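Trainee: Sharing protein_6.txt here; it has compact mmCIF, C-alpha atoms.
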# COMPACT_ATOMS: atom_id res chain seq x y z
CA MET A 9 26.78 -27.32 17.69
CA ALA A 10 23.59 -26.28 19.40
CA ASP A 11 23.64 -23.42 21.86
CA HIS A 12 22.17 -24.58 25.17
CA SER A 13 22.90 -21.42 27.15
CA ILE A 14 20.06 -20.26 29.41
CA VAL A 15 18.70 -16.76 29.02
CA VAL A 16 17.38 -15.32 32.25
CA PRO A 17 14.28 -13.20 31.57
CA SER A 18 14.52 -9.61 32.63
CA SER A 19 11.55 -7.39 33.34
CA THR A 20 13.58 -4.23 33.66
CA ALA A 21 13.30 -1.42 31.17
CA ARG A 22 16.30 -0.48 29.09
CA PRO A 23 18.39 2.39 30.49
CA ALA A 24 17.86 5.67 28.65
CA ARG A 25 20.80 7.83 27.62
CA GLY A 26 21.25 11.19 25.91
CA ASN A 27 19.07 14.28 25.84
CA LEU A 28 15.29 14.39 26.21
CA TRP A 29 14.50 13.60 22.57
CA GLN A 30 17.06 10.83 22.38
CA ARG A 31 15.64 9.23 25.52
CA PHE A 32 12.12 9.56 24.10
CA PHE A 33 13.03 7.77 20.85
CA GLN A 34 15.00 5.11 22.73
CA ALA A 35 12.02 4.42 24.99
CA THR A 36 9.35 4.36 22.28
CA GLU A 37 11.59 2.73 19.61
CA LEU A 38 9.88 4.80 16.93
CA ASP A 39 11.32 4.61 13.43
CA THR A 40 12.81 8.08 12.95
CA ARG A 41 12.74 7.77 9.16
CA LEU A 42 9.06 6.88 9.21
CA LEU A 43 8.37 9.66 11.68
CA GLY A 44 10.15 12.08 9.37
CA MET A 45 7.86 10.96 6.56
CA VAL A 46 4.83 11.65 8.76
CA PHE A 47 6.06 15.17 9.48
CA ALA A 48 6.75 15.70 5.76
CA LEU A 49 3.21 14.54 4.94
CA VAL A 50 1.72 16.90 7.52
CA PHE A 51 3.81 19.74 6.09
CA ILE A 52 2.59 18.92 2.55
CA TRP A 53 -1.04 18.80 3.68
CA ILE A 54 -0.87 22.11 5.55
CA GLY A 55 0.99 23.78 2.68
CA PHE A 56 -1.53 22.69 0.05
CA HIS A 57 -4.42 23.57 2.35
CA ILE A 58 -3.16 27.14 2.65
CA LEU A 59 -2.30 27.50 -1.04
CA SER A 60 -5.63 26.04 -2.19
CA GLY A 61 -7.67 28.39 -0.04
CA GLY A 62 -8.80 25.73 2.42
CA LEU A 63 -9.80 23.07 -0.12
CA PHE A 64 -7.20 20.38 0.60
CA LEU A 65 -7.93 19.34 4.19
CA THR A 66 -11.63 18.79 3.59
CA SER A 67 -13.37 15.47 4.19
CA ARG A 68 -14.26 15.23 0.49
CA ASN A 69 -10.69 15.67 -0.75
CA LEU A 70 -9.20 13.38 1.90
CA TRP A 71 -11.78 10.70 1.11
CA ASN A 72 -10.96 10.91 -2.60
CA LEU A 73 -7.25 10.94 -1.81
CA SER A 74 -7.54 7.69 0.15
CA VAL A 75 -9.35 5.99 -2.75
CA GLN A 76 -6.93 7.28 -5.38
CA ALA A 77 -3.90 6.07 -3.38
CA ALA A 78 -5.26 2.54 -2.94
CA SER A 79 -4.05 0.90 -6.16
CA VAL A 80 -0.53 2.38 -5.96
CA SER A 81 -0.18 1.45 -2.28
CA VAL A 82 -1.13 -2.16 -3.10
CA MET A 83 1.64 -2.40 -5.68
CA ALA A 84 4.11 -0.47 -3.50
CA THR A 85 3.92 -3.18 -0.81
CA GLY A 86 5.20 -5.71 -3.34
CA MET A 87 7.76 -3.31 -4.77
CA VAL A 88 9.36 -3.13 -1.33
CA LEU A 89 10.31 -6.83 -1.54
CA VAL A 90 11.54 -6.43 -5.11
CA ILE A 91 13.80 -3.48 -4.28
CA VAL A 92 14.98 -5.00 -0.98
CA THR A 93 16.48 -7.89 -3.00
CA ARG A 94 18.33 -5.32 -5.17
CA ASN A 95 15.98 -5.76 -8.13
CA ILE A 96 13.52 -3.43 -9.84
CA ASP A 97 10.21 -3.95 -11.64
CA LEU A 98 9.43 -1.44 -14.38
CA SER A 99 6.54 -3.47 -15.78
CA VAL A 100 3.97 -3.07 -13.00
CA GLY A 101 1.96 -0.39 -14.82
CA SER A 102 1.82 -2.42 -18.02
CA ILE A 103 0.87 -5.59 -16.15
CA LEU A 104 -1.92 -3.61 -14.48
CA GLY A 105 -3.16 -2.41 -17.86
CA PHE A 106 -2.98 -5.84 -19.51
CA VAL A 107 -4.57 -7.78 -16.64
CA GLY A 108 -7.22 -5.08 -16.24
CA MET A 109 -8.11 -5.43 -19.93
CA ILE A 110 -8.31 -9.23 -19.66
CA MET A 111 -10.56 -8.99 -16.60
CA ALA A 112 -12.79 -6.46 -18.36
CA VAL A 113 -13.14 -8.62 -21.47
CA THR A 114 -13.81 -11.69 -19.32
CA GLN A 115 -16.73 -10.14 -17.45
CA THR A 116 -18.26 -8.31 -20.40
CA LYS A 117 -17.88 -10.80 -23.28
CA PHE A 118 -17.24 -14.32 -22.01
CA LEU A 119 -18.88 -14.87 -18.62
CA PRO A 120 -22.25 -13.26 -19.50
CA GLY A 121 -22.70 -15.87 -22.24
CA MET A 122 -22.11 -18.70 -19.75
CA LEU A 123 -23.54 -17.29 -16.50
CA GLY A 124 -25.69 -14.35 -17.57
CA PHE A 125 -25.27 -10.70 -16.69
CA ASP A 126 -24.48 -9.68 -13.08
CA HIS A 127 -24.18 -13.28 -11.91
CA PRO A 128 -22.91 -13.53 -8.29
CA LEU A 129 -19.88 -15.54 -9.43
CA THR A 130 -18.82 -13.13 -12.18
CA TRP A 131 -16.65 -10.90 -10.01
CA VAL A 132 -15.16 -13.89 -8.16
CA LEU A 133 -14.12 -15.73 -11.33
CA THR A 134 -12.85 -12.51 -12.90
CA LEU A 135 -10.71 -11.64 -9.89
CA MET A 136 -9.34 -15.19 -9.60
CA LEU A 137 -8.41 -15.21 -13.28
CA GLY A 138 -6.75 -11.81 -12.96
CA ILE A 139 -4.68 -12.78 -9.91
CA ALA A 140 -3.61 -16.07 -11.51
CA LEU A 141 -2.61 -14.28 -14.73
CA GLY A 142 -0.72 -11.55 -12.87
CA ALA A 143 1.14 -14.11 -10.74
CA ALA A 144 2.04 -16.13 -13.86
CA ILE A 145 3.43 -13.05 -15.61
CA GLY A 146 5.42 -12.09 -12.51
CA ALA A 147 6.76 -15.64 -12.12
CA PHE A 148 7.78 -15.62 -15.80
CA HIS A 149 9.76 -12.42 -15.25
CA GLY A 150 11.29 -13.83 -12.06
CA ALA A 151 12.34 -17.07 -13.77
CA ILE A 152 14.18 -15.17 -16.52
CA ILE A 153 15.91 -13.00 -13.92
CA ALA A 154 16.81 -15.86 -11.59
CA PHE A 155 17.67 -18.71 -13.94
CA LEU A 156 18.89 -16.90 -17.06
CA SER A 157 20.73 -14.19 -15.10
CA VAL A 158 19.22 -11.36 -17.13
CA PRO A 159 19.16 -8.11 -15.08
CA SER A 160 15.74 -7.27 -13.68
CA PHE A 161 15.96 -3.80 -15.20
CA ILE A 162 16.14 -5.26 -18.72
CA VAL A 163 13.55 -7.99 -18.15
CA THR A 164 10.94 -5.68 -16.69
CA LEU A 165 11.71 -2.91 -19.19
CA GLY A 166 10.92 -5.46 -21.88
CA GLY A 167 7.80 -6.42 -19.92
CA LEU A 168 6.74 -2.78 -19.82
CA LEU A 169 6.74 -2.69 -23.64
CA VAL A 170 5.39 -6.20 -24.23
CA TRP A 171 2.40 -6.08 -21.88
CA ARG A 172 1.46 -2.55 -22.90
CA GLY A 173 1.35 -3.73 -26.49
CA ALA A 174 -0.51 -6.88 -25.50
CA ALA A 175 -3.17 -4.80 -23.72
CA TRP A 176 -3.75 -2.91 -26.96
CA MET A 177 -3.94 -6.09 -29.02
CA VAL A 178 -6.68 -7.64 -26.84
CA THR A 179 -9.28 -5.18 -28.14
CA SER A 180 -7.30 -3.27 -30.79
CA GLY A 181 -7.19 -0.28 -28.46
CA ALA A 182 -10.94 -0.13 -27.80
CA THR A 183 -12.26 0.75 -24.35
CA VAL A 184 -14.20 -2.03 -22.61
CA ALA A 185 -17.16 -1.09 -20.41
CA PRO A 186 -19.25 -1.35 -18.27
CA MET A 187 -18.09 -3.69 -15.52
CA ASP A 188 -20.11 -6.17 -13.44
CA THR A 189 -22.19 -4.44 -10.75
CA THR A 190 -20.55 -6.29 -7.84
CA PHE A 191 -17.08 -5.96 -9.36
CA ARG A 192 -17.53 -2.16 -9.44
CA LEU A 193 -17.75 -2.07 -5.65
CA MET A 194 -13.97 -2.64 -5.48
CA GLY A 195 -13.51 0.79 -7.03
CA GLY A 196 -15.16 2.74 -4.24
CA GLY A 197 -17.77 5.41 -4.89
CA ALA A 198 -21.09 5.83 -3.13
CA ASP A 199 -21.97 2.13 -3.46
CA GLY A 200 -18.42 0.94 -2.84
CA SER A 201 -18.24 2.24 0.73
CA ILE A 202 -19.22 0.51 3.95
CA GLY A 203 -21.03 3.36 5.74
CA ALA A 204 -20.55 4.99 9.12
CA THR A 205 -21.50 2.11 11.44
CA ALA A 206 -19.29 -0.48 9.73
CA SER A 207 -16.45 2.07 9.55
CA TRP A 208 -16.58 2.63 13.32
CA ALA A 209 -16.60 -1.16 13.78
CA VAL A 210 -13.47 -1.43 11.63
CA GLY A 211 -11.83 1.35 13.64
CA ILE A 212 -12.60 -0.36 16.96
CA VAL A 213 -11.28 -3.68 15.67
CA ALA A 214 -8.09 -1.92 14.54
CA CYS A 215 -7.67 -0.35 18.00
CA VAL A 216 -8.12 -3.75 19.67
CA PHE A 217 -5.51 -5.16 17.29
CA ILE A 218 -3.07 -2.37 18.22
CA VAL A 219 -3.52 -3.01 21.96
CA LEU A 220 -3.16 -6.78 21.55
CA SER A 221 -0.02 -6.29 19.45
CA ILE A 222 1.53 -4.15 22.17
CA LEU A 223 0.66 -6.71 24.86
CA HIS A 224 1.96 -9.60 22.76
CA SER A 225 5.21 -7.77 22.03
CA ARG A 226 5.74 -7.06 25.72
CA GLN A 227 5.04 -10.68 26.62
CA GLN A 228 7.54 -11.91 24.02
CA ARG A 229 10.19 -9.55 25.37
CA LYS A 230 9.68 -10.92 28.86
CA ARG A 231 9.81 -14.48 27.59
CA PHE A 232 13.16 -14.07 25.82
CA GLY A 233 14.72 -11.68 28.32
CA PHE A 234 14.82 -8.61 26.13
CA PRO A 235 14.71 -5.13 27.70
CA LEU A 236 11.18 -3.81 28.09
CA LYS A 237 9.84 -0.46 27.02
CA PRO A 238 8.75 1.84 29.85
CA ILE A 239 5.06 1.56 30.66
CA TRP A 240 4.49 5.18 29.67
CA ALA A 241 5.96 4.46 26.22
CA GLU A 242 3.56 1.54 25.72
CA TYR A 243 0.60 3.73 26.72
CA PHE A 244 1.84 6.53 24.47
CA ILE A 245 2.08 4.28 21.39
CA GLY A 246 -1.31 2.70 22.10
CA ILE A 247 -3.10 6.02 22.63
CA VAL A 248 -1.52 7.70 19.60
CA GLY A 249 -2.16 4.67 17.38
CA CYS A 250 -5.81 4.39 18.38
CA GLY A 251 -6.23 8.16 18.14
CA VAL A 252 -4.94 8.18 14.55
CA VAL A 253 -7.22 5.29 13.57
CA LEU A 254 -10.37 6.76 15.12
CA GLY A 255 -9.52 10.22 13.81
CA ALA A 256 -9.19 8.84 10.27
CA VAL A 257 -12.55 7.08 10.60
CA GLN A 258 -14.15 10.31 11.79
CA VAL A 259 -12.79 12.21 8.77
CA LEU A 260 -14.00 9.57 6.31
CA ASN A 261 -17.42 9.49 7.97
CA SER A 262 -17.63 13.26 7.62
CA TYR A 263 -17.91 12.98 3.84
CA TYR A 264 -21.56 12.59 2.90
CA MET A 265 -23.13 11.08 -0.19
CA PRO A 266 -23.71 13.70 -2.94
CA VAL A 267 -27.24 15.09 -3.05
CA ASN A 268 -28.30 13.42 -6.31
CA LEU A 269 -27.07 10.01 -5.15
CA ALA A 270 -28.63 10.51 -1.74
CA ARG A 271 -31.96 11.32 -3.39
CA ARG A 272 -31.76 8.13 -5.48
CA TYR A 273 -30.87 6.16 -2.37
CA ALA A 274 -33.89 7.59 -0.56
CA GLU A 275 -36.19 6.76 -3.46
CA ALA A 276 -34.83 3.22 -3.77
CA ASN A 277 -35.30 2.56 -0.05
CA GLY A 278 -38.64 4.32 0.36
CA ILE A 279 -37.21 7.07 2.59
CA ALA A 280 -39.05 10.38 2.66
CA TRP A 281 -36.82 13.23 1.49
CA PRO A 282 -36.63 15.80 4.31
CA GLU A 283 -36.59 19.53 3.69
CA GLY A 284 -32.92 19.89 4.59
CA GLY A 285 -31.88 16.79 2.64
CA LEU A 286 -30.24 13.59 3.85
CA GLU A 287 -26.70 13.37 5.20
CA ILE A 288 -25.54 9.82 4.53
CA PRO A 289 -21.89 9.20 5.53
CA LEU A 290 -19.94 7.16 3.02
CA GLY A 291 -17.39 5.87 5.53
CA ILE A 292 -14.37 3.81 4.49
CA ALA A 293 -14.22 2.93 0.80
CA ILE A 294 -13.81 -0.74 -0.12
CA PRO A 295 -10.55 -0.18 -2.09
CA VAL A 296 -9.07 1.45 1.02
CA LEU A 297 -10.04 -1.61 3.07
CA ILE A 298 -8.43 -3.84 0.44
CA ALA A 299 -5.22 -1.79 0.52
CA LEU A 300 -5.08 -1.82 4.32
CA GLY A 301 -5.76 -5.55 4.43
CA ILE A 302 -2.97 -6.24 1.95
CA ALA A 303 -0.62 -3.99 3.94
CA VAL A 304 -1.32 -6.02 7.09
CA VAL A 305 -0.79 -9.33 5.26
CA MET A 306 2.41 -8.12 3.62
CA THR A 307 3.72 -6.84 6.96
CA PHE A 308 3.09 -10.26 8.46
CA ILE A 309 4.85 -11.95 5.53
CA THR A 310 7.92 -9.73 5.77
CA ASN A 311 8.24 -9.77 9.57
CA ARG A 312 6.87 -13.13 10.67
CA THR A 313 7.61 -15.70 7.97
CA ARG A 314 10.67 -17.55 6.77
CA PHE A 315 10.10 -16.20 3.28
CA GLY A 316 10.29 -12.62 4.60
CA ARG A 317 13.55 -13.33 6.42
CA TYR A 318 14.97 -14.86 3.26
CA VAL A 319 14.06 -11.74 1.28
CA PHE A 320 15.95 -9.43 3.63
CA ALA A 321 18.85 -11.87 3.89
CA ILE A 322 19.22 -11.86 0.12
CA GLY A 323 19.03 -8.08 0.04
CA GLY A 324 21.63 -7.73 2.76
CA ASN A 325 24.17 -10.10 1.21
CA PRO A 326 23.15 -12.33 -1.73
CA GLU A 327 26.35 -14.40 -1.65
CA ALA A 328 26.08 -15.11 2.07
CA ALA A 329 22.41 -16.02 1.65
CA GLU A 330 23.32 -18.49 -1.08
CA LEU A 331 26.04 -20.05 1.09
CA ALA A 332 23.59 -20.28 3.99
CA GLY A 333 21.43 -22.64 1.94
CA ILE A 334 18.70 -20.20 0.86
CA LYS A 335 17.36 -21.03 -2.58
CA THR A 336 17.78 -17.49 -3.79
CA ARG A 337 16.57 -18.19 -7.33
CA TRP A 338 13.23 -19.61 -6.23
CA VAL A 339 12.80 -16.82 -3.71
CA THR A 340 13.28 -14.34 -6.56
CA VAL A 341 10.66 -16.13 -8.66
CA ARG A 342 8.18 -16.03 -5.77
CA ILE A 343 8.85 -12.32 -5.14
CA PHE A 344 8.03 -11.41 -8.73
CA ALA A 345 5.02 -13.76 -8.76
CA LEU A 346 3.74 -11.97 -5.64
CA MET A 347 4.38 -8.63 -7.32
CA GLY A 348 2.35 -9.77 -10.34
CA ALA A 349 -0.55 -10.89 -8.14
CA LEU A 350 -0.58 -7.51 -6.39
CA CYS A 351 -0.61 -5.80 -9.79
CA ALA A 352 -3.72 -7.82 -10.62
CA ILE A 353 -5.45 -6.69 -7.43
CA ALA A 354 -4.49 -3.10 -8.23
CA ALA A 355 -5.85 -3.64 -11.75
CA ALA A 356 -9.18 -4.77 -10.30
CA ILE A 357 -9.36 -1.64 -8.12
CA SER A 358 -8.43 0.65 -11.00
CA THR A 359 -10.78 -0.98 -13.52
CA ALA A 360 -13.66 -1.03 -11.05
CA ARG A 361 -13.09 2.62 -10.17
CA LEU A 362 -13.11 3.68 -13.82
CA ASN A 363 -15.93 1.23 -14.65
CA ALA A 364 -13.92 0.56 -17.80
CA ALA A 365 -10.62 -0.80 -19.08
CA THR A 366 -8.60 1.44 -21.38
CA ASN A 367 -5.35 1.02 -23.26
CA ALA A 368 -3.79 3.88 -21.25
CA GLN A 369 -4.66 2.33 -17.90
CA GLY A 370 -1.66 2.02 -15.58
CA THR A 371 0.55 4.39 -17.61
CA LEU A 372 3.34 5.79 -15.39
CA ASP A 373 2.13 3.68 -12.43
CA GLU A 374 5.58 2.10 -12.36
CA LEU A 375 7.01 5.55 -11.59
CA TYR A 376 4.54 6.18 -8.77
CA THR A 377 4.97 2.69 -7.32
CA ILE A 378 8.77 2.82 -7.25
CA ALA A 379 8.69 6.38 -5.95
CA ALA A 380 6.25 5.39 -3.17
CA ALA A 381 8.54 2.58 -2.04
CA VAL A 382 11.70 4.71 -2.18
CA ILE A 383 10.11 7.76 -0.54
CA GLY A 384 8.81 5.40 2.15
CA GLY A 385 12.37 4.41 3.09
CA THR A 386 13.11 1.39 0.90
CA SER A 387 16.79 1.55 -0.04
CA LEU A 388 17.75 1.02 -3.69
CA ALA A 389 20.96 -0.54 -2.34
CA GLY A 390 18.84 -3.39 -0.96
CA GLY A 391 18.30 -4.94 2.45
CA MET A 392 16.16 -2.16 3.93
CA GLY A 393 12.48 -1.29 3.62
CA THR A 394 9.11 -1.40 5.39
CA ILE A 395 5.57 -1.99 4.20
CA ALA A 396 4.21 0.84 6.35
CA GLY A 397 6.74 3.20 4.79
CA ALA A 398 5.65 2.19 1.27
CA VAL A 399 1.98 2.82 2.08
CA LEU A 400 2.90 6.18 3.57
CA GLY A 401 4.97 6.92 0.46
CA ALA A 402 1.94 6.16 -1.74
CA ILE A 403 -0.11 8.63 0.32
CA VAL A 404 2.62 11.25 -0.08
CA MET A 405 2.69 10.73 -3.85
CA GLN A 406 -1.08 10.99 -4.14
CA SER A 407 -1.12 14.02 -1.86
CA LEU A 408 1.32 15.78 -4.18
CA ASN A 409 -0.83 14.91 -7.20
CA SER A 410 -4.06 15.93 -5.51
CA GLY A 411 -2.60 19.20 -4.23
CA MET A 412 -1.14 20.16 -7.58
CA VAL A 413 -4.47 19.45 -9.30
CA LEU A 414 -6.28 21.67 -6.79
CA LEU A 415 -3.77 24.43 -7.53
CA GLY A 416 -4.39 24.05 -11.26
CA MET A 417 -0.80 23.15 -12.10
CA ASP A 418 -0.14 21.86 -15.63
CA ALA A 419 0.61 18.15 -16.09
CA PRO A 420 4.24 18.72 -17.25
CA LEU A 421 4.95 20.77 -14.13
CA GLN A 422 3.42 18.02 -11.98
CA SER A 423 5.83 15.51 -13.55
CA ILE A 424 8.75 17.83 -12.82
CA VAL A 425 7.77 18.08 -9.15
CA ILE A 426 7.34 14.29 -8.80
CA GLY A 427 10.72 13.70 -10.44
CA LEU A 428 12.45 16.17 -8.13
CA VAL A 429 10.83 14.60 -5.06
CA LEU A 430 12.05 11.16 -6.14
CA VAL A 431 15.63 12.40 -6.63
CA VAL A 432 15.61 14.13 -3.24
CA ALA A 433 14.27 10.97 -1.58
CA VAL A 434 17.09 8.85 -3.03
CA TRP A 435 19.64 11.47 -2.00
CA LEU A 436 18.30 11.47 1.57
CA ASP A 437 18.51 7.67 1.60
CA THR A 438 22.16 7.89 0.52
CA VAL A 439 22.92 10.40 3.28
CA TYR A 440 21.13 8.25 5.87
CA ARG A 441 23.05 5.12 4.91
CA ALA A 442 26.35 7.01 4.97
CA ARG A 443 25.67 8.26 8.48
CA ALA A 444 24.53 4.80 9.61
CA ARG A 445 27.95 3.41 8.72
Any chance you could put this one into structure tokens?
Mentor:
Amino acid sequence: MADHSIVVPSSTARPARGNLWQRFFQATELDTRLLGMVFALVFIWIGFHILSGGLFLTSRNLWNLSVQAASVSVMATGMVLVIVTRNIDLSVGSILGFVGMIMAVTQTKFLPGMLGFDHPLTWVLTLMLGIALGAAIGAFHGAIIAFLSVPSFIVTLGGLLVWRGAAWMVTSGATVAPMDTTFRLMGGGADGSIGATASWAVGIVACVFIVLSILHSRQQRKRFGFPLKPIWAEYFIGIVGCGVVLGAVQVLNSYYMPVNLARRYAEANGIAWPEGGLEIPLGIAIPVLIALGIAVVMTFITNRTRFGRYVFAIGGNPEAAELAGIKTRWVTVRIFALMGALCAIAAAISTARLNAATNAQGTLDELYTIAAAVIGGTSLAGGMGTIAGAVLGAIVMQSLNSGMVLLGMDAPLQSIVIGLVLVVAVWLDTVYRARAR
């Protein structure tokens, strides 16, 4: 029976209770778990900066860190949906390696014979083929899990071995290089960056988006009669959000093109080389833009679509979701297909960045992807997770790697640290869920 009760809109702010900090968090509605991750990231950055003798918090290292975290953050956004539905995907690194190898072979051996070298359509056709192949592999995994009732752990563990072996068989272990010139832009570098002016434009657009989101949210609350945030809280969130965006753009614009590349750029564009050299800001790298764009799209999918609601409903209670009429099996297939497509995009970023496809590409990426999602607040028990948290988790993981490399730590010790961080993150999630009950 339909509910025809009338909700009277209320423009009053919600009453605040508790001490100062409690009232602050109630007013701003900030995610305390996400905020804790931000503080942890700041602590990690400051710690590595001190231990490395002032090398970590430099524009060069932060620029490289953002590029290196791009591929893992892309896959982590999909891993959130997988884990939320109480599944796991151990094959993402192998899918990345296999799809990356197929894309490399396609643009170096097949398309040049049909289109010629560096044809404008080469990178488009290569990327489309890679995404279609990744989605098909993911859908295949999802179908086995959903319709044959094989646990996702076993299916994707098998996928980890199968696709790693398949990547080797494509070229018998040989490295494939170089990539198409336009395709390489997706990997970043001096050519794969948008420059200072375009970076500031992106930052301003992001600030406008933040302000419009706040206004839209407030309007929706008024429309449906929900309590409103205090005006000061809205201003606070808007100012802090825009400040973080513009500050990040400033840092990325502070990293200049290396001297040799700047000299080549000057020669290619007929620019006289001044006595003090040229300072050409690189700005935001293209893989970072891709990762941010995917994060925005995935956030929209999870928060604003029926599919996203179904995902969290299944994670919260699979039996109830089934009884409610949700086609849980097909949702599972689509989740893994989406995960496969994201692996293909990450493969394009990784292959373009290396300017080659190797048999070892994507090794251990499944560890970093799962760790990024879990560290970012996605619960292994299902039903809880955010895209923003996964992206932040990817940055934390890459920050640990980057910091340990700067300190000259051996690779085995780096693996020990990453493993301990993952265990601690899962333990904290268990404690949080126990307190929430």
Trainee: Counting all atoms listed in the file, find the residues whose atoms lie at most 12 Å from (1.0, 4.3, -15.5) (file coordinates) and write them out as a PyMOL selection string.
Mentor: chain A and resi 79-80+83+98-106+168+172+351+354-355+358+366-378
Trainee: Output the selection as a PDB file, in the frame of the given file - C-alpha atoms for each residue.
Mentor:
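Output file result21.pdb is given in full below:
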ATOM      1  CA  SER A  79      -4.050   0.900  -6.160  1.00  0.00           C
ATOM      2  CA  VAL A  80      -0.530   2.380  -5.960  1.00  0.00           C
ATOM      3  CA  MET A  83       1.640  -2.400  -5.680  1.00  0.00           C
ATOM      4  CA  LEU A  98       9.430  -1.440 -14.380  1.00  0.00           C
ATOM      5  CA  SER A  99       6.540  -3.470 -15.780  1.00  0.00           C
ATOM      6  CA  VAL A 100       3.970  -3.070 -13.000  1.00  0.00           C
ATOM      7  CA  GLY A 101       1.960  -0.390 -14.820  1.00  0.00           C
ATOM      8  CA  SER A 102       1.820  -2.420 -18.020  1.00  0.00           C
ATOM      9  CA  ILE A 103       0.870  -5.590 -16.150  1.00  0.00           C
ATOM     10  CA  LEU A 104      -1.920  -3.610 -14.480  1.00  0.00           C
ATOM     11  CA  GLY A 105      -3.160  -2.410 -17.860  1.00  0.00           C
ATOM     12  CA  PHE A 106      -2.980  -5.840 -19.510  1.00  0.00           C
ATOM     13  CA  LEU A 168       6.740  -2.780 -19.820  1.00  0.00           C
ATOM     14  CA  ARG A 172       1.460  -2.550 -22.900  1.00  0.00           C
ATOM     15  CA  CYS A 351      -0.610  -5.800  -9.790  1.00  0.00           C
ATOM     16  CA  ALA A 354      -4.490  -3.100  -8.230  1.00  0.00           C
ATOM     17  CA  ALA A 355      -5.850  -3.640 -11.750  1.00  0.00           C
ATOM     18  CA  SER A 358      -8.430   0.650 -11.000  1.00  0.00           C
ATOM     19  CA  THR A 366      -8.600   1.440 -21.380  1.00  0.00           C
ATOM     20  CA  ASN A 367      -5.350   1.020 -23.260  1.00  0.00           C
ATOM     21  CA  ALA A 368      -3.790   3.880 -21.250  1.00  0.00           C
ATOM     22  CA  GLN A 369      -4.660   2.330 -17.900  1.00  0.00           C
ATOM     23  CA  GLY A 370      -1.660   2.020 -15.580  1.00  0.00           C
ATOM     24  CA  THR A 371       0.550   4.390 -17.610  1.00  0.00           C
ATOM     25  CA  LEU A 372       3.340   5.790 -15.390  1.00  0.00           C
ATOM     26  CA  ASP A 373       2.130   3.680 -12.430  1.00  0.00           C
ATOM     27  CA  GLU A 374       5.580   2.100 -12.360  1.00  0.00           C
ATOM     28  CA  LEU A 375       7.010   5.550 -11.590  1.00  0.00           C
ATOM     29  CA  TYR A 376       4.540   6.180  -8.770  1.00  0.00           C
ATOM     30  CA  THR A 377       4.970   2.690  -7.320  1.00  0.00           C
ATOM     31  CA  ILE A 378       8.770   2.820  -7.250  1.00  0.00           C
TER      32      ILE A 378
END
Trainee: When you look at range 112-120 of chain A with a cut-off of 8 Å (counting all atoms listed in the file), what residues show up, excluding the ones that are within fewer than 6 positions of it in the same chain? I need them as a PyMOL selection string.
Mentor: chain A and resi 126-127+130-131+134+184-188+359+364-365
Trainee: Just C-alpha atoms for this one: save the residues we selected as a PDB file, keeping the file's coordinate frame.
Mentor:
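Everything below was put into again19.pdb:
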ATOM      1  CA  ASP A 126     -24.480  -9.680 -13.080  1.00  0.00           C
ATOM      2  CA  HIS A 127     -24.180 -13.280 -11.910  1.00  0.00           C
ATOM      3  CA  THR A 130     -18.820 -13.130 -12.180  1.00  0.00           C
ATOM      4  CA  TRP A 131     -16.650 -10.900 -10.010  1.00  0.00           C
ATOM      5  CA  THR A 134     -12.850 -12.510 -12.900  1.00  0.00           C
ATOM      6  CA  VAL A 184     -14.200  -2.030 -22.610  1.00  0.00           C
ATOM      7  CA  ALA A 185     -17.160  -1.090 -20.410  1.00  0.00           C
ATOM      8  CA  PRO A 186     -19.250  -1.350 -18.270  1.00  0.00           C
ATOM      9  CA  MET A 187     -18.090  -3.690 -15.520  1.00  0.00           C
ATOM     10  CA  ASP A 188     -20.110  -6.170 -13.440  1.00  0.00           C
ATOM     11  CA  THR A 359     -10.780  -0.980 -13.520  1.00  0.00           C
ATOM     12  CA  ALA A 364     -13.920   0.560 -17.800  1.00  0.00           C
ATOM     13  CA  ALA A 365     -10.620  -0.800 -19.080  1.00  0.00           C
TER      14      ALA A 365
END
Trainee: Please determine, counting all atoms listed in the file, which residue among A:Leu89, A:Ala332, A:Leu28, A:Ala175 has the shortest atom-to-atom distance to Ile309 in chain A.
Mentor: A:Leu89
Trainee: Looking at only C-alpha atoms, which of A:Ile302, A:Val431, A:Ile212, A:Leu133 is the one that sits closest to Val82 in chain A?
Mentor: A:Ile302
Trainee: One number please: CA of Ile403 in chain A to CA of Gly196 in chain A, in Å, one decimal.
Mentor: 16.8 Å
Trainee: Would you pick out the contacts of range 282-288 of chain A at 10 Å or less, using all atoms listed in the file, so that residues sharing its chain but fewer than 6 positions from it are not included, and give the list as a list in words?
Mentor: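 These residues fall inside the cut-off: Ala198, Gly203, Ala204, Asn261, Ser262, Tyr263, Tyr264, Met265, Pro266, Val267, Leu269, Ala270, Arg271, Tyr273 and Ala274 of chain A.
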Trainee: With 8 Å added on each side, what axis-aligned box encloses every listed atom of range 353-368 of chain A? Give the centre and edge lengths in Å to one decimal, as AutoDock Vina command-line options.
Mentor:
--center_x -9.9 --center_y -1.4 --center_z -15.3 --size_x 28.1 --size_y 26.6 --size_z 31.8
